[in-house]
Every structure is written in C-alpha cells, then in structure tokens.
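The structure appears right after this line, and notes come after that.
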Amino acid sequence: MVFDPSDRVLLIEGRDPAGRVPGRWWEIPGGGIDPGEDSIDAARRELWEEAGIRDAEVGPCVWTQRVEYTFGGFHFDQDEFIHVARCDGTSSGPAGLEHLEALAFGEQRWWAVEDVLDHGPRTIPYRMLEFLADLAGGVVPDQPIDITPAEHHVELWRRAGRPD
C-alpha cells in the first residue's frame with residue numbers, strides 16, 4: 001500500500017487478459033518475491049516495475065494473506081506480505097511489466113482514501129476496504145493483520161464484477 005504526501009493511495013486498474021474473470025478491479029502494486037529477496041526489497045522492486053516509483057520508503061508488513069486464484073489462465077496459490085510505503089507521489093508509470101501484466105493493467109490513479117471508501121470499487125486485496133481507513137490514518141499494527149479472504153469475500157468480489 002503506497003501513499004503520497006496527501007495520503008492518497010495508488011491503485012492500478014486490472015482485468016483478466018484471458019477473460020475468465022469478468023469485469024475490472026483496482027489493485028495495489030505488488031508481485032512475487034525473487035530468490036534471495038526479502039519482502040521489503042520485493043516491494044521496492046515491484047513499485048518500480050509496476051508504477052515507476054523509484055524512491056519509496058517501504059515500512060513494515062501490515063497485512064498478510066493466503067490467496068488462491070486463476071489469472072490469465074494460470075492458477076496461483078500464494079502467501080502475500082503487504083507493506084505500507086510512502087513516496088513523493090511521483091509515478092512515471094510501469095517500468096518493467098511482464099507480458100501478462102502489460103495485458104492486464106490499465107490506468108494508474110492516486111485515490112483519496114475517502115473516495116475509495118465512498119466509491120467502493122472491487123479491489124485486490126479483496127478485503128482492502130475493511131482495513132484501509134486505519135492504515136491511511138497512520139494506525140500501523142504491531143503485528144501484521146491476516147486479511148485472508150473467506151469464501152464469502154471471494155464470492156462477493158466475483159459477483160461484483162458480473163454485468164447485470
């Protein structure tokens with residue numbers, strides 16, 4: 001979760017390029033951890049690759065989750081470590097997307113937290129909206145909060161992306 005000096009959060013519009021997951025969503029920058037890399041270094045690298053943010057101050061891991069999903073025709077089962085980060089708000093856009101990411105990502109937008117909460121878009125992490133206000137308000141947990149979605153969270157997320 002990366003915030004700028006105005007406490008806006010950066011979200012990237014996403015879609016499934018294989019078309020198996022209907023609709024669009026807004027997600028935080030992030031990705032896999034390379035061999036020999038810790039989660040802080042991975043967060044810095046992913047901020048550069050996905051958002052063009054070079055000089056973020058990456059703080060502690062605030063949320064963890066275990067998720068299983070299909071994206072782009074590939075099945076993923078992963079443990080995720082979500083850090084809070086701050087930057088000056090300069091984002092030059094993607095600097096090193098993998099092919100699948102390039103097909104999946106759309107607009108990048110700095111959102112006022114109030115706008116995210118009022119608008120209530122579909123997000124990844126699925127449960128981001130439940131915990132965003134505290135984090136944006138500077139409440140950093142002593143230990144990471146497990147935000148692993150239950151099946152009902154996943155089903156609500158899927159239904160939100162289906163056309164009426």
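Residues are referred to by chain and number: the chain letter is A, B, ... according to the order shown in the structure tokens, the number counts from 1 in that chain, and ligands are numbered separately from 1 in the order shown.
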*Could you name the residues that touch stretch 93-107 of chain A at 8 Å or less, counting only C-alpha atoms, but leaving out those on the same chain fewer than 4 positions away, as a list in words?*
Ile12, Glu13, Gly14, Arg15, Asp16, Pro17, Trp48, Glu49, Glu50, Ala51, Gly52, Ile53 and Gly72 of chain A
*Residues at most 7 Å from A:Arg86, counting only C-alpha atoms, excluding those fewer than 4 positions away in the same chain, as number ranges by chain?*
A: 2-4, 56-58
What are the nearest atom pairs, with distances in Å to one decimal, for all residues of stretch 22-87 of chain A that come at most 10 Å from stretch 7-11 of chain A, using only C-alpha atoms, set out by chain and rising residue number as CSV?
```
residue,atom,partner,partner_atom,distance
A:Trp25,CA,A:Leu11,CA,9.4
A:Trp26,CA,A:Leu11,CA,5.6
A:Glu27,CA,A:Leu11,CA,5.2
A:Ile28,CA,A:Leu11,CA,5.0
A:Pro29,CA,A:Leu11,CA,7.0
A:Ala51,CA,A:Leu10,CA,8.7
A:Ala85,CA,A:Val9,CA,9.7
A:Arg86,CA,A:Asp7,CA,8.7
A:Cys87,CA,A:Asp7,CA,9.9
```
*Find the distance between atom CA of A:Thr64 and atom CA of A:Gly120 and write it in Å to one decimal.*
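A separation of 21.2 Å between them.
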Neighbour list for A:Asp77 as a CSV table (one decimal) with N, CA and C atoms, in the first residue's frame, cut-off 8 Å, only C-alpha atoms, skip fewer than 5 positions in-chain:
```csv
chain,number,residue,atom,x,y,z
A,66,ARG,N,-3.3,-15.4,2.5
A,66,ARG,CA,-3.1,-16.5,1.6
A,66,ARG,C,-4.3,-16.5,0.7
A,67,VAL,N,-4.0,-16.5,-0.6
A,67,VAL,CA,-5.0,-16.5,-1.7
A,67,VAL,C,-4.7,-17.5,-2.7
A,68,GLU,N,-5.8,-18.0,-3.3
A,68,GLU,CA,-5.7,-18.9,-4.4
A,68,GLU,C,-6.7,-18.4,-5.5
A,69,TYR,N,-6.2,-18.3,-6.7
A,69,TYR,CA,-7.0,-17.7,-7.7
A,69,TYR,C,-6.4,-18.1,-9.1
```
*Name the residues of stretch 126-163 of chain A that fall into alpha helix (DSSP H) according to DSSP on the backbone, using the chain letters and numbers of this document, as a VMD selection string.*
chain A and resid 128 to 136 151 to 160
*Would you list the contacts of stretch 142-146 of chain A as a PyMOL selection string, taking every protein, DNA or RNA residue within 6 Å and counting only C-alpha atoms, but skipping same-chain residues closer than 5 positions in sequence?*
chain A and resi 61-65
Please produce a file of those selected residues containing C-alpha atoms, as a compact mmCIF listing (two decimals), in the first residue's frame.
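The file below, out00.txt, is the result:
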```
# COMPACT_ATOMS: atom_id res chain seq x y z
CA CYS A 61 4.45 -5.57 6.73
CA VAL A 62 0.96 -4.58 7.86
CA TRP A 63 -1.21 -7.28 6.29
CA THR A 64 -0.72 -10.88 5.24
CA GLN A 65 -2.98 -13.15 3.29
```
Write out as a compact mmCIF listing (two decimals) with N, CA, C and O atoms, in the first residue's frame the residues lying within 12 Å of A:Ala160, counting only C-alpha atoms and excluding same-chain residues fewer than 6 positions away.
```txt
# COMPACT_ATOMS: atom_id res chain seq x y z
N VAL A 21 -12.11 -14.04 -15.71
CA VAL A 21 -12.64 -13.31 -14.57
C VAL A 21 -13.30 -12.05 -15.13
O VAL A 21 -12.61 -11.19 -15.67
N PRO A 22 -14.63 -11.95 -15.05
CA PRO A 22 -15.29 -10.80 -15.65
C PRO A 22 -15.05 -9.50 -14.90
O PRO A 22 -14.76 -9.50 -13.71
N GLY A 23 -15.18 -8.42 -15.62
CA GLY A 23 -15.09 -7.10 -15.02
C GLY A 23 -13.67 -6.62 -14.79
O GLY A 23 -12.70 -7.27 -15.16
N ARG A 24 -13.60 -5.47 -14.18
CA ARG A 24 -12.32 -4.83 -13.85
C ARG A 24 -12.26 -4.62 -12.34
O ARG A 24 -13.27 -4.71 -11.66
N TRP A 25 -11.07 -4.31 -11.87
CA TRP A 25 -10.87 -4.06 -10.45
C TRP A 25 -9.71 -3.10 -10.30
O TRP A 25 -9.03 -2.76 -11.26
N GLY A 120 -16.19 2.46 -3.26
CA GLY A 120 -16.24 1.02 -3.00
C GLY A 120 -15.94 0.15 -4.20
O GLY A 120 -16.68 -0.81 -4.47
N PRO A 121 -14.86 0.44 -4.95
CA PRO A 121 -14.57 -0.40 -6.12
C PRO A 121 -14.16 -1.81 -5.71
O PRO A 121 -13.78 -2.05 -4.56
N ARG A 122 -14.22 -2.72 -6.67
CA ARG A 122 -13.66 -4.07 -6.44
C ARG A 122 -12.16 -3.88 -6.33
O ARG A 122 -11.54 -3.21 -7.16
N THR A 123 -11.58 -4.48 -5.29
CA THR A 123 -10.15 -4.29 -5.06
C THR A 123 -9.45 -5.62 -4.87
O THR A 123 -10.05 -6.63 -4.52
N TYR A 126 -8.85 -8.42 -1.75
CA TYR A 126 -10.31 -8.43 -1.68
C TYR A 126 -10.82 -7.63 -0.49
O TYR A 126 -11.83 -6.96 -0.58
N HIS A 153 -16.14 -13.68 1.00
CA HIS A 153 -15.48 -12.48 0.46
C HIS A 153 -15.19 -12.66 -1.03
O HIS A 153 -15.40 -11.75 -1.84
N VAL A 154 -14.68 -13.84 -1.37
CA VAL A 154 -14.33 -14.13 -2.77
C VAL A 154 -15.59 -14.13 -3.63
O VAL A 154 -15.61 -13.56 -4.73
```
*With only C-alpha atoms as the atoms that count, which of A:Gly31, A:Arg109, A:Trp157, A:Glu130 lies nearest to A:Arg45?*
A:Gly31
_Using Å and a single decimal, report how far atom CA of A:Ala133 sits from atom CA of A:Val116._
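Here the two named atoms are 9.7 Å from each other.
Using only C-alpha atoms, the shortest contact distance between A:Ala18 and any of A:Ser91, A:His83, A:Gly73, A:Gly138 is found at A:Gly73.
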*Measure the distance from atom CA of A:Phe76 to atom CA of A:Gly30 in Å and round it to one decimal.*
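Computing the Euclidean distance for atom CA of A:Phe76 and atom CA of A:Gly30 yields 14.3 Å.
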*Select from chain A everything DSSP, run on the backbone, classes as strand (DSSP E), then give the selection as a PyMOL selection string.*
chain A and resi 2-3+8-15+24-27+57-71+74-86+105-112+123-124+145-146
